[in-house]
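Worksheet for the structure shown next.
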Amino acid sequence: MENDIEEPRLLVEEISDQIEDQVFPMFVAGWSIRVRMSATEERTSIEVRASAPVDGIDDALVTIAYEQGLWGVDETSTGLLSLSGIISARDGRSVIEHMYTHVPDWLIPEAATGRPGGFLDLHDRLADDDDPVLGGLVGKLVPISDAMICALVAGWEFTVTYRETNVIEMSTQVPPDLGAQFRLVVGDLLDVDVRDMRMRWTFHDGSWQLDPEATGFLGVDANVDAAELDFLYDVMAVAAANCALVPSDTSKQWHSRGAATPASILPVIPPAPEPLPEPDVVHARAQEIDAWAVENGFSIPLEPTPSTLIRYLEQAGVGSGGYYILEFADGQCYIGESINLPERLKQHRGRYLDIHQIRVVSDAEATRSLHDKRRLRLREKSLIHSAQEAGLLARNINEMATMIGASKHLDDLISPDEQRTWLAAPDVANTNDTTARESSSVERLARTAANYRHFLTHPDADQITRIIGSYLTRCVPYPARTELHSWAISCLTKPGKRSGRVSCLTIAMTEMLVIYQNRGISGPGTIQVNADELFPTDQSVWAFLRRHPTAQWSPAVYEESGPGQLLLRVDTLDALERLLDDVAVTRAAATTALNIMRKGPCMQRKVHCPQLAGGAFEASYEGNKSGS
């Protein structure tokens with residue numbers, strides 16, 4: 001399915017020739033310049049205005065435009081500027097030649113005339129790519145050009161000024177098209193107040209050198225709060241102007257613009273039954289288990305019998321409590337904890353017939369106390385997560401991001417082939433599923449009728465219903481078939497209560513979509529998603545924050561979820577609806593939903609409100625019909 005989510009790219013990275021041929025030479029000529037990027041729906045443009053170093057000489061203006069996927073000099077707005085602001089149109093090359101006819105002679109001391117305000121005519125030298133005079137001038141100014149290019153790439157307006165014969169100062173301005181909320185997000189993450197900047201270089205000992213005390217962020221009193229130059233670059237790069245980005249094709253990002261959920265980027269899918277692997281595969285898996293077990297302090301491999309285990313623990317002089325890893329004949333494993341390891345092994349031998357060996361780590365302090373049991377469970381959770389990160393194939397169910405093997409709870413209802421089809425294109429598979437919802441019993445309808453009637457009086461009932469419908473259609477596997485068996489939706493579990501949960505959609509035992517209210521005002525809301533799907537790269541994090549600057553996230557804590565799961569949180573229904581319109585979010589939510597659904601049946605059936613579910617299905621149907 002060809003529908004990849006495009007991460008934002010910077011336009012200027014594609015015009016190195018124009019930077020080299022236009023922007024930087026205008027600065028090298030010794031003229032102070034101002035560079036500004038702007039964008040309309042039709043094009044993005046970079047305007048470079050250079051101020052003549054002496055009176056009586058026309059300023060220069062060059063405009064570089066991005067149209068129809070190509071960059072080029074816009075010669076209708078490129079030329080020389082008279083004192084009255086009238087443009088005398090020239091091509092870009094002529095503008096550069098005009099400037100190099102008036103190069104301040106102090107830039108090249110060995111050729112200086114000695115007259116105050118004198119200048120040199122170097123335009124003939126432009127034809128020689130290896131001219132030593134221009135080459136030496138360019139080489140000295142490289143530190144300043146690096147800062148210019150960084151600001152240009154990020155779309156920050158900047159000016160570079162020759163203050164004196166030995167001072168160059170560069171000032172940058174925060175892009176005006178950068179949302180205030182996104183600036184705050186960047187500031188929080190980088191621990192900085194994103195502000196205008198100033199950088200200064202002084203010329204001594206034959207080179208331009210940064211003045212660190214005069215380089216940093218501008219304060220309200222025009223003083224500089226010193227900061228490292230590399231850090232300033234980082235801030236500009238992260239807080240790049242929106243106009244500096246390649247115009248995105250919104251039809252690939254938003255469901256409301258016709259986008260479908262893209263295929264999963266993760267290599268793990270609901271697996272088909274696996275025959276016993278080849279010996280070399282089993283051997284490789286065993287080596288990975290061995291390396292991980294040694295790293296985490298487990299014992300040598302032991303024969304998987306209770307008597308052998310008892311003997312080992314007695315000889316070691318430790319108690320019977322601790323942690324274990326079972327190794328199976330196919331190279332898979334199982335990680336657990338127990339206050340009585342031999343007894344726990346007996347239970348596993350009754351379930352698994354292919355246990356190959358066992359390793360243990362004792363915990364001499366483990367007892368039946370609640371505190372000790374909690375400590376064992378927390379350590380077990382850490383070990384299971386660590387094993388997944390190391391690439392081990394564990395047969396655990398809880399704390400697994402993806403459960404391997406058959407699902408006794410789901411495979412009979414939705415075949416593994418159907419699960420794979422759904423995972424590849426969730427919203428398409430759901431739209432094509434013609435299964436009708438099962439009728440609810442009279443008793444269940446009566447039990448939730450009062451709650452639903454009260455819900456319908458909520459001022460945001462329609463939007464909340466629409467949000468739930470979007471989640472069902474885009475994120476829940478075959479929702480009509482799996483309703484009540486695998487998921488349930490609550491509706492005002494305490495009628496009349498004006499604060500708390502309005503609704504909670506639960507899969508197995510995990511709360512996947514929750515909508516709250518406070519004194520009758522809707523919001524916030526949370527959605528659980530797979531972190532690797534949502535944030536495959538650092539760039540995808542910043543792209544997400546541009547699209548959803550008010551969103552926050554934290555690790556999910558449900559034991560069914562496993563590692564790499566996040567709870568996205570926003571404060572308003574509009575922001576929540578926007579999250580569910582974003583195919584990157586629904587992709588990540590759908591992956592998590594299927595993986596958790598495979599682990600067990602819904603445990604919150606008592607609170608399921610079929611009326612709200614029906615309203616959500618209907619809202620989703622109407623939305624799909626209007627969007628088709």
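Following the order of the structure tokens, first chain is A, next is B, and so on, with residues numbered from 1 inside each chain and ligands from 1 in the order they appear.
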
Which residues are close to region 301-307 of chain A, i.e. within 7 Å by only C-alpha atoms, leaving aside same-chain residues fewer than 3 positions away? Reply as a short mmCIF file (atom, residue, chain, number, x, y, z; two decimals) with N, CA and C atoms, in the first residue's frame.
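Writing the result to out_6.cif gives the following:
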data_model
loop_
_atom_site.label_atom_id
_atom_site.label_comp_id
_atom_site.auth_asym_id
_atom_site.auth_seq_id
_atom_site.Cartn_x
_atom_site.Cartn_y
_atom_site.Cartn_z
N ILE A 310 15.58 -27.43 42.89
CA ILE A 310 15.67 -27.41 44.36
C ILE A 310 17.11 -27.65 44.80
N ARG A 311 17.75 -28.64 44.18
CA ARG A 311 19.14 -28.95 44.53
C ARG A 311 20.05 -27.75 44.28
N PRO A 342 10.68 -23.65 42.24
CA PRO A 342 10.41 -25.04 41.86
C PRO A 342 8.92 -25.31 41.62
N LEU A 345 7.88 -23.88 38.33
CA LEU A 345 8.36 -24.70 37.22
C LEU A 345 7.41 -25.88 36.99
N LYS A 346 6.89 -26.46 38.07
CA LYS A 346 5.93 -27.56 37.91
C LYS A 346 4.72 -27.11 37.10
N ILE A 355 9.96 -27.37 27.00
CA ILE A 355 10.96 -26.62 27.77
C ILE A 355 12.31 -27.33 27.65
N HIS A 356 13.31 -26.59 27.24
CA HIS A 356 14.63 -27.17 27.00
C HIS A 356 15.53 -27.02 28.23
N GLN A 357 15.50 -25.86 28.85
CA GLN A 357 16.30 -25.63 30.05
C GLN A 357 15.77 -24.39 30.76
N ILE A 358 16.28 -24.17 31.98
CA ILE A 358 15.83 -23.03 32.79
C ILE A 358 17.06 -22.38 33.42
N ARG A 359 17.01 -21.07 33.59
CA ARG A 359 18.02 -20.32 34.34
C ARG A 359 17.28 -19.49 35.37
#

Long-range neighbours of Val585 (chain A) as a ChimeraX atom specification, 10 Å cut-off, only C-alpha atoms, 5 positions minimum in chain: /A:253-254,261,474-475,527-531,533-535,544,568,578-580,590

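Distance annotation: of A:Arg43, A:Lys373, A:Arg351, A:Arg501, the residue with the minimal separation from Ser338 (chain A) is A:Lys373; atom set is only C-alpha atoms.
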
Contacts of Pro426 (chain A) within 12 Å, only C-alpha atoms, excl. fewer than 5 positions in-chain, as a PyMOL selection string: chain A and resi 1+260-264+418-421+431-433+470-479+583+586-594

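The coordinates place CA of Ile300 (chain A) at 21.6 Å from CA of Asp280 (chain A).
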
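Interatomic distance, CA of Trp487 (chain A) to CA of Cys602 (chain A): 5.2 Å.
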
Secondary structure check, strand (DSSP E or B) residues of region 83-158 of chain A, as a ChimeraX atom specification: /A:87-89,103-104,119-120,157-158

Alpha helix (DSSP H) per DSSP on the backbone: members of region 151-325 of chain A, as a PyMOL selection string: chain A and resi 151-154+180-190+229-238+279-295+306-316

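For the residues A:Thr457, A:Ser441, A:Thr78, A:Gln604, ranking by smallest atom-to-atom distance to Ile96 (chain A) using only C-alpha atoms places A:Thr78 first.
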
Who sits within 12 Å of region 465-467 of chain A, only C-alpha atoms, same chain under 5 positions skipped, as a PyMOL selection string: chain A and resi 452+455-456+458-460+472-475+489-491+502-505+513-515+525-527+572-581+611-624

Write a file of the selected residues as a short mmCIF file (atom, residue, chain, number, x, y, z; two decimals), in the first residue's frame, keeping C-alpha atoms.
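Writing done, so here's selection-v7.cif:
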data_model
loop_
_atom_site.label_atom_id
_atom_site.label_comp_id
_atom_site.auth_asym_id
_atom_site.auth_seq_id
_atom_site.Cartn_x
_atom_site.Cartn_y
_atom_site.Cartn_z
CA TYR A 452 -27.11 7.56 27.55
CA PHE A 455 -25.14 11.96 27.84
CA LEU A 456 -27.31 13.26 25.00
CA HIS A 458 -24.20 17.16 27.09
CA PRO A 459 -23.40 20.18 24.90
CA ASP A 460 -20.61 18.26 23.17
CA LEU A 472 -13.53 2.73 16.05
CA THR A 473 -13.26 3.03 12.27
CA ARG A 474 -9.58 3.92 12.11
CA CYS A 475 -8.02 2.12 15.08
CA ILE A 489 -17.26 1.74 25.70
CA SER A 490 -18.53 3.32 28.91
CA CYS A 491 -20.90 6.26 29.10
CA VAL A 502 -17.42 11.11 29.99
CA SER A 503 -16.44 7.92 28.19
CA CYS A 504 -13.71 5.27 28.19
CA LEU A 505 -13.07 2.76 25.41
CA LEU A 513 -9.42 6.21 24.40
CA VAL A 514 -10.59 8.26 27.37
CA ILE A 515 -12.56 11.53 27.28
CA GLY A 525 -8.62 13.27 26.29
CA THR A 526 -6.04 10.49 25.96
CA ILE A 527 -5.15 7.93 23.27
CA THR A 572 -9.74 19.95 24.16
CA LEU A 573 -12.11 17.93 22.00
CA ASP A 574 -10.97 19.82 18.92
CA ALA A 575 -7.38 18.80 19.61
CA LEU A 576 -8.46 15.20 20.23
CA GLU A 577 -10.42 15.12 16.98
CA ARG A 578 -7.40 16.53 15.16
CA LEU A 579 -5.24 13.73 16.60
CA LEU A 580 -7.62 11.13 15.18
CA ASP A 581 -7.59 12.88 11.81
CA GLN A 611 -26.42 3.00 22.58
CA LEU A 612 -23.24 5.10 22.56
CA ALA A 613 -21.47 2.48 20.46
CA GLY A 614 -24.36 2.54 17.99
CA GLY A 615 -24.27 6.32 17.81
CA ALA A 616 -20.51 6.20 17.17
CA PHE A 617 -20.95 3.65 14.38
CA GLU A 618 -23.61 5.82 12.80
CA ALA A 619 -21.47 8.96 13.08
CA SER A 620 -18.58 7.11 11.50
CA TYR A 621 -20.80 5.87 8.67
CA GLU A 622 -22.08 9.38 7.97
CA GLY A 623 -18.52 10.73 8.04
CA ASN A 624 -17.30 8.14 5.56
#

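CA of Val360 (chain A) to CA of Trp292 (chain A) spans 12.7 Å [interatomic distance, one decimal].
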
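All residues of protein, DNA or RNA that reach within 12 Å of Tyr233 (chain A), judged by only C-alpha atoms and not counting those fewer than 6 positions away in the chain, are Asp146, Ala147, Met148, Ile149, Cys150, Ala151, Leu152, Val153, Ala154, Trp156, Thr172, Val194, Met197, Arg198, Met199, Thr215, Gly216, Phe217, Ala227, Ala239 and Ala240 of chain A.
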
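Using only C-alpha atoms, the residues found no farther than 8 Å from Asp363 (chain A), other than those of its own chain fewer than 5 positions away, are Val318, Gly319, Ser320, Gly321, Gly322 and Tyr323 of chain A.
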
Output N, CA and C atoms for every residue in that selection, as an mmCIF file, in the first residue's frame.
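File out-v2.cif, as written:
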data_model
loop_
_atom_site.group_PDB
_atom_site.id
_atom_site.type_symbol
_atom_site.label_atom_id
_atom_site.label_comp_id
_atom_site.auth_asym_id
_atom_site.auth_seq_id
_atom_site.Cartn_x
_atom_site.Cartn_y
_atom_site.Cartn_z
ATOM 1 N N VAL A 318 20.497 -20.135 48.950
ATOM 2 C CA VAL A 318 19.570 -19.013 48.799
ATOM 3 C C VAL A 318 18.140 -19.527 48.935
ATOM 4 N N GLY A 319 17.205 -18.609 49.024
ATOM 5 C CA GLY A 319 15.810 -18.986 49.152
ATOM 6 C C GLY A 319 15.243 -19.470 47.835
ATOM 7 N N SER A 320 13.951 -19.767 47.853
ATOM 8 C CA SER A 320 13.294 -20.325 46.666
ATOM 9 C C SER A 320 12.652 -19.264 45.793
ATOM 10 N N GLY A 321 12.724 -17.988 46.208
ATOM 11 C CA GLY A 321 12.109 -16.923 45.435
ATOM 12 C C GLY A 321 13.083 -16.275 44.468
ATOM 13 N N GLY A 322 12.536 -15.694 43.378
ATOM 14 C CA GLY A 322 13.394 -14.991 42.433
ATOM 15 C C GLY A 322 12.788 -14.947 41.041
ATOM 16 N N TYR A 323 13.672 -14.935 40.042
ATOM 17 C CA TYR A 323 13.262 -14.767 38.651
ATOM 18 C C TYR A 323 13.803 -15.928 37.827
#
